[in-house]
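These notes are about the structure you will find just below.
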Amino acid sequence: MESVRTKLAYTVPKLTDYSAAALEKAAGECIAACGSEAAEVRSEAELKLFRDRWMARKNGILTQINDLWLKGAPKEAKREAGIRVNELKARITELVEGAHVAGEAGDSLASEQVDISLPGVRRPIGAEHPVMRTWREIVGVFQRLGYSVAEGPVVETDYYNFEALNFPPNHPARDTQDTLFIAGQQAKPQRERLLLRTHTSPVQIRTMEKMRPPIRIVIPGTVHRNDPPDASHSPMFHQIEGLAVDTNITFGDLKGTLDHAMKALFGSSVKTHFRPSFFPFTEPSAELYVTCFICGGSGKRGAEPCRPCKQTGWIEVLGCGMVDPNVFEFVKDNGYDPRTVSGFAFGMGVDRLALLKYGVDDLQLFFQGDVRFLGQFG
Amino acid sequence: MKLSADWIRDFVEISVDDRRLAEDLTNVGIGVEGIIGTGADTVFEVEIGTNRPDAMNHYGVSREAAAVYGVELKALAAFGSSAAAEAADSRGADDAALKRRSSTVALAARGSELPLLAKEARSGAPQTEHPPKTQQAAGFPITVEEPGLCPRFSARVIRGTRIVASPRKIAHRLALLDQRAISNAVDATNYVLWEMGKPTHVFDMDLLEGGRIVVRKARDGETLRTLDGVERKLSSEDLVVCDARKPVGLAGVMGGYDTMITEKTRNIVIESAWWDPGIVRRMSRRHGIHTDASHRFERGADFESTVVSCDLVARMILESGGGGLVGDVVDVVSRPMDQAPVVLRLSEVRRILGEGLDSGEIFQLLKRLGFTLVPEGQGGTQDEAQFRVHIPSWRLDVEREIDVIEEIARLHGYDKFENTLPAYSGAVVELPHAAMDAAFRARALALGYNEAMSLTFISHADAERFESCASFPSAAKAAAPLATGERSAEALRHPKSGSASAAKAAGKSAEMARLKSGPSRSVAGSELGASGFESGASRFAGGSGSGAFRSAAGLEAGASQLMRVLELENPLSEEASVMRTSLAPGMLDMLAWNLNRDVAEARLFEMGSVYGVADGSEDAHVEPRRACLGATAAAVRAALPVGNALDVSKDERAAAAEIFRGFKGDVENLLAAFSGEASYDRETAEYFHPGRSARVLVNGALVGQFGQIHPEVAAARKLRQDVFLAEFDLEALYGLGLRPVKFTPLGKYPAVERDFSFVFEDGIAFEKMRRAVVNLGIEELREFRPVEIFRGGTVAAAKYSVLLRVRFQSAERTLREDEVAQWSGKIVGALAGLGGAQRA
Ligand SMILES: [Zn+2]
């Protein structure tokens, strides 16, 4: 008790100088004293003592200030002093009200603790669609390789979707495309008939019609096929096409470019493997496989067989090839003489890659708008 | 397609196991996708491109394997293995290819002698190995009236045989390929098809009338019951195999029912022809029959395989059913196959494949594949080296130099070519709308909307209800290609028709649209005329059950062009039969999906195109870009800032007002990315709640509409909650351009705020107050906003109290009390002028 007493050293001084500066100084000392006394309170008894000392109506420090500073103020300073004293009173009251017994550790803020384990208030943040996310990643890789983005219509003519891509009318290769046709086109010549493009490849021709070589374009877009929806099929899906044409493009360039792109997309340890394939608009044609990014190429996940790669350790990611000279013939007049230019093209299914990348087991999840699904990609 | 590994090994000695064989075949393009079974029953699931009909059978795959491993390919030995082995000397294949054309003649000229059945049949088989023959000469004259469509027709006659079950080995092999064994004769044709890829057909000779075969076009009105039992109406488009009186087979597609082999059959005619791929394909399509035969013929069969296949079938029938051959094979070659040699330049190989292969390697690779190379030109250097390449008869897909180059690359192995990166000097160009797309998307995501994707098809009913497209480009614009570089920011801006006559024309166009698209298809065919939401009259009073909706507010001047839907010829279902004209139905479906799964708070956005034909433009279709935001009321409510309500009245109306405002804030935040000031009116489409929806106009142009979905629409779609939709015409929005970022110095002088409490009639919208205050022209006015709204209590009915806050600030000086008082007085006056009563 005695030790406390000694700390309660503040006494209200008499004021002679009522200048603003002097008032400021006196008030400041008073507030500082109150603050430090408040911090020294160690028990409920001390707290009561502290409160009474400052707030008691009878001879409490505030009462003293009122008497000593205000009543003693010269008339001309009364107004200013009044304002000052009121401010001071408010501050002191605040400090006294706020004073409390410090905890065992001596930290008075410890008792102000909140439950930090309660969940935070989270403002909703939208998630990018996994397909669009994959789309933008792929496009980004090729943009950094010097490719410009090109686009084209979803509702296409037979000419751009088939004929100019070396699918002659009535060619069996057309059967593999499961085309959805626009109604009421019978009266038109075949090449003008409208259909839903089955691939993004028509934009190759559209772009070559507009731009002279050299070109490097990457073409993302929506495509359609007459495939009933199931876990791995959708009548609507997305493709990203690429095309590079110049005077010096070789099959090795196709391989090198795609090898680089796959490493950028799936990690530098990924290996690529090219197998012969057939597309009417490329020759030689290839399918590109990468080492399975689920099992790392081992074909197994622990003791279990790896399903995405059918235990082969390889996953097919795209179709590609050297642009068929017949395709160049359609745009020959714009600088694409197959005898002087060569090029390569590739095309990949974005949805399927997103499925593989994120381990999604049902393609339909992409098109249902289920926020429980979409939210996982935020 | 299934192929037996054991069967493949019949024709080539392969030292590696089946798994390795599968891998090696895959690496040259014979894609083995799966391996089923073990040992002799191992079956490869093979994927062969449409360009390789030659490999759609065992012998063809054996041929590829022989090329891969550089080993000998055995001949197709039909009658006696010794002769076959002799003839199968694949080292002789080089000149065989050159002499092939004459081999046909030789065969035909050989009289009654049975040809040997090697792939390059050139020498006769020993007489002793011939099966028994009858004395009778071949009794079937064959007339080909359509040599262009049937350049080769080979046939054989067997007499006195019996129809029995196939030997076990045959049946077993067919069973491995999921082929049902029927009888020795039918199975023989099937076996040969799978063995060497050549479709053949067997007739019961006694059922062929008139003792002859004619290949001709069918006559209109003729019919043919095909093997599947279906009665087919024929036309002059069809090519048929006939007896003296009637069609007995649809050429290359399917044989006739009435002349098929039965257990009573004793005498057989075997047919093996080469049909024009085009006619087979057309007939297959027209009659809707896809058979193993048509599949191969329409891709191109081996012209030199007709006789061999005929003999293989004959041997199998004779071996299992007995009987004897009558006469020799009849081989009618009306037109030789034109397979011109190809010139292959080493320089071209290198231009396409890169350096790395020399002419010696190229020679060897092609030789292994059955090509014959004759060096040409006297070029001493590698670059001038070239070959004349003769193409084997089974490779109809190889016609050009590039085709040969592909063969080189494929057999060499794609992975062996070095990876290189090409040099490039062009510049990277961004799409004109890329930055705006990114800005819109970033904001939508930041506002808590998940990016979604719905199908591009909708139902007719939805196409009618949600024809919410704004203006479409004019016909000229629409016809322009949408390719890159074309779509400048300017091109994205839709021309507004802007004339009063457009509105008048709308009704007429609607009528035309109805006529064009037929009554049941009409989208634009409502009584009111349809148009996009730009016109404020996308109101389908007609159509399905929307009669309860508000009637149209009338077409405004500047009505947009009408749009016809793009209907699918072969839709997946009625629910997905037209191209979407709006993102709204897809968004509502997605919201419903969530609500139906007890997800009460859903917030989604989709950016994508809608599709249609701008009316009056005949056929030019357009694909304008749209965006749609969707949110459930619960999601909007949950995102409202706590304790920051504007309308503090404790009633439902206040709650609705707050939710609407919450959603509108999202719309405003999106719009804020773009230039221009938005204004709002109530002329939204019918599927919106008439009192809780708004159109957004920027600089007078329509860019979107938003609000709560009409309760009846929500009920019809069984939505378990109120939902909100915002539709944006991205073409219009992007036309405004991104809002340029501009720095304004921060005010140095203090701002002064004043509050005014007023009571207004319900009909006085805040916008009126704002305009009245703004019109005062007080330069120092920085902000005017409502702080609190209240109805009820002491406020009279049909009135509301509003606390308004103004903020004044000057960039040059501290404001004086008197001037603030003066401005406040003006503001009070202006508000009073609107009928407002100031409260103390
Ligand atoms: Zn794997």
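Residue names in the structure tokens use chain letters A, B, ... in the order shown, residue numbers from 1 in each chain, and ligand numbers from 1 in the order shown.
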Practice task
Write down as a count of residues only the residues belonging to range 350-445 of chain B that are assigned helix (DSSP H, G or I) by DSSP computed on the backbone.
Solution key: 44
Handout entry: Long-range neighbours of range 248-264 of chain A as a ChimeraX atom specification, 8 Å cut-off, only C-alpha atoms, 3 positions minimum in chain
Key = /A:141-142,244-245,267-272,274,290,321-322,341-345 /B:351-354,417-422
Selection near Asn267 in chain B, 12 Å with only C-alpha atoms, sequence-local residues under 3 positions removed, as a compact mmCIF listing (two decimals) with C-alpha atoms, in the first residue's frame:
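As a result, selection06.txt now contains:
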# COMPACT_ATOMS: atom_id res chain seq x y z
CA THR B 134 -15.83 -79.67 -113.06
CA GLY B 139 -20.96 -70.20 -116.89
CA ARG B 156 -15.37 -67.48 -109.26
CA VAL B 157 -17.86 -70.27 -109.41
CA ILE B 158 -17.97 -73.27 -107.07
CA ARG B 159 -20.22 -76.23 -107.72
CA GLY B 160 -21.34 -79.10 -105.62
CA THR B 161 -20.31 -77.81 -102.26
CA ARG B 162 -22.14 -78.08 -98.96
CA ILE B 163 -22.89 -75.38 -96.47
CA ALA B 185 -19.25 -69.74 -97.02
CA VAL B 202 -21.03 -64.96 -102.07
CA PHE B 203 -24.26 -65.64 -103.99
CA ASP B 204 -26.30 -68.81 -104.18
CA MET B 205 -25.78 -69.36 -107.88
CA ASP B 206 -29.04 -71.22 -108.33
CA LEU B 207 -30.95 -68.19 -107.14
CA LEU B 208 -29.35 -65.94 -109.74
CA THR B 259 -29.79 -64.66 -103.27
CA MET B 260 -27.95 -65.27 -100.04
CA ILE B 261 -26.27 -68.48 -99.01
CA THR B 262 -28.56 -70.90 -97.16
CA GLU B 263 -28.03 -74.44 -95.98
CA LYS B 264 -29.57 -75.59 -99.26
CA ILE B 270 -17.91 -65.47 -105.35
CA ALA B 314 -12.88 -70.27 -102.75
CA ILE B 317 -15.27 -73.02 -98.98
CA LEU B 318 -13.79 -75.97 -100.82
CA GLY B 321 -17.66 -77.83 -97.77
CA GLY B 322 -16.12 -79.70 -100.66
CA GLY B 323 -17.17 -79.30 -104.25
CA GLY B 324 -15.13 -77.97 -107.13
CA LEU B 325 -14.20 -74.87 -109.03
CA VAL B 326 -15.86 -74.25 -112.34
Problem - Coordinates-based distance that separates CA of Gly359 in chain A from CA of Glu241 in chain A (Å, one decimal) - result: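 Rounded to one decimal, the two atoms are 23.2 Å apart.
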Practice task
Quick one: pull the distance between CA of Arg395 in chain B and CA of Val61 in chain B, Å, one decimal.
Solution key: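 Computing the Euclidean distance for CA of Arg395 in chain B and CA of Val61 in chain B yields 12.9 Å.
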Test item: residues no farther than 6 Å from ligand 1, counting only C-alpha atoms and all ligand atoms, as a PDB file with C-alpha atoms, in the first residue's frame:
ATOM      1  CA  CYS A 292       1.647 -38.712 -67.330  1.00  0.00           C
ATOM      2  CA  ILE A 294      -0.551 -37.931 -62.488  1.00  0.00           C
ATOM      3  CA  CYS A 295       1.863 -40.816 -62.025  1.00  0.00           C
ATOM      4  CA  GLY A 297       5.230 -41.724 -66.175  1.00  0.00           C
ATOM      5  CA  GLY A 299       1.899 -45.954 -64.891  1.00  0.00           C
ATOM      6  CA  CYS A 306      -2.827 -45.097 -62.936  1.00  0.00           C
ATOM      7  CA  PRO A 308      -5.666 -41.330 -66.548  1.00  0.00           C
ATOM      8  CA  CYS A 309      -2.809 -42.785 -68.608  1.00  0.00           C
ATOM      9  CA  GLN A 311      -0.977 -47.453 -67.041  1.00  0.00           C
ATOM     10  CA  GLY A 313       2.763 -43.541 -68.364  1.00  0.00           C
TER      11      GLY A 313
END
Exercise for the section: Could the residues of chain A within 7 Å of chain B, counting only C-alpha atoms, be given as JSON, numbers by chain, please? Expected result: {"A": [124, 125, 126, 127, 128, 129, 146, 147, 148, 149, 150, 151, 152, 153, 172, 173, 180, 181, 182, 183, 206, 207, 214, 226, 228, 236, 249, 250, 251, 252, 253, 255, 256, 257, 273, 274, 275, 276, 277, 278, 283, 284, 366, 367, 368, 369, 370, 371, 374, 375]}
Handout entry: Leu646 in chain B environment, 6 Å, only C-alpha atoms, sequence neighbours closer than 6 positions dropped, as a VMD selection string
Key = chain B and resid 787 to 789
Keeping only all heavy atoms, write those residues as a short mmCIF file (atom, residue, chain, number, x, y, z; two decimals), in the first residue's frame.
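The result, stored in again-v6.cif:
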data_model
loop_
_atom_site.label_atom_id
_atom_site.label_comp_id
_atom_site.auth_asym_id
_atom_site.auth_seq_id
_atom_site.Cartn_x
_atom_site.Cartn_y
_atom_site.Cartn_z
N VAL B 787 -28.43 9.12 -47.12
CA VAL B 787 -27.76 8.46 -46.00
C VAL B 787 -28.72 7.52 -45.27
O VAL B 787 -28.33 6.49 -44.76
CB VAL B 787 -27.19 9.50 -45.02
CG1 VAL B 787 -26.36 8.82 -43.93
CG2 VAL B 787 -26.37 10.53 -45.75
N GLU B 788 -29.98 7.94 -45.23
CA GLU B 788 -30.94 7.09 -44.54
C GLU B 788 -32.33 7.32 -45.13
O GLU B 788 -32.70 8.45 -45.44
CB GLU B 788 -30.95 7.42 -43.05
CG GLU B 788 -31.71 6.42 -42.22
CD GLU B 788 -31.57 6.71 -40.72
OE1 GLU B 788 -30.48 6.47 -40.18
OE2 GLU B 788 -32.54 7.20 -40.13
N ILE B 789 -33.05 6.23 -45.29
CA ILE B 789 -34.42 6.30 -45.80
C ILE B 789 -35.33 5.63 -44.79
O ILE B 789 -34.96 4.60 -44.21
CB ILE B 789 -34.53 5.62 -47.18
CG1 ILE B 789 -33.87 6.49 -48.25
CG2 ILE B 789 -35.99 5.34 -47.55
CD1 ILE B 789 -33.69 5.82 -49.58
#
I'd like the neighbourhood of Leu239 in chain B as a compact mmCIF listing (two decimals) with N, CA and C atoms, in the first residue's frame, where a residue qualifies if any of its atoms comes within 7 Å (using only C-alpha atoms), though same-chain residues fewer than 2 positions away should be ignored.
# COMPACT_ATOMS: atom_id res chain seq x y z
N ARG B 216 -24.74 -52.46 -112.98
CA ARG B 216 -25.36 -51.29 -113.61
C ARG B 216 -25.97 -50.39 -112.56
N LYS B 217 -26.42 -49.22 -113.03
CA LYS B 217 -27.18 -48.32 -112.16
C LYS B 217 -28.56 -48.94 -111.96
N ALA B 218 -29.11 -48.74 -110.79
CA ALA B 218 -30.46 -49.25 -110.55
C ALA B 218 -31.45 -48.40 -111.33
N GLU B 237 -29.48 -43.45 -108.68
CA GLU B 237 -28.26 -43.04 -107.98
C GLU B 237 -27.51 -44.26 -107.47
N LEU B 250 -26.29 -54.42 -103.35
CA LEU B 250 -26.01 -53.00 -103.38
C LEU B 250 -24.48 -52.90 -103.41
N ALA B 251 -23.97 -52.43 -104.54
CA ALA B 251 -22.53 -52.54 -104.78
C ALA B 251 -21.67 -52.03 -103.64
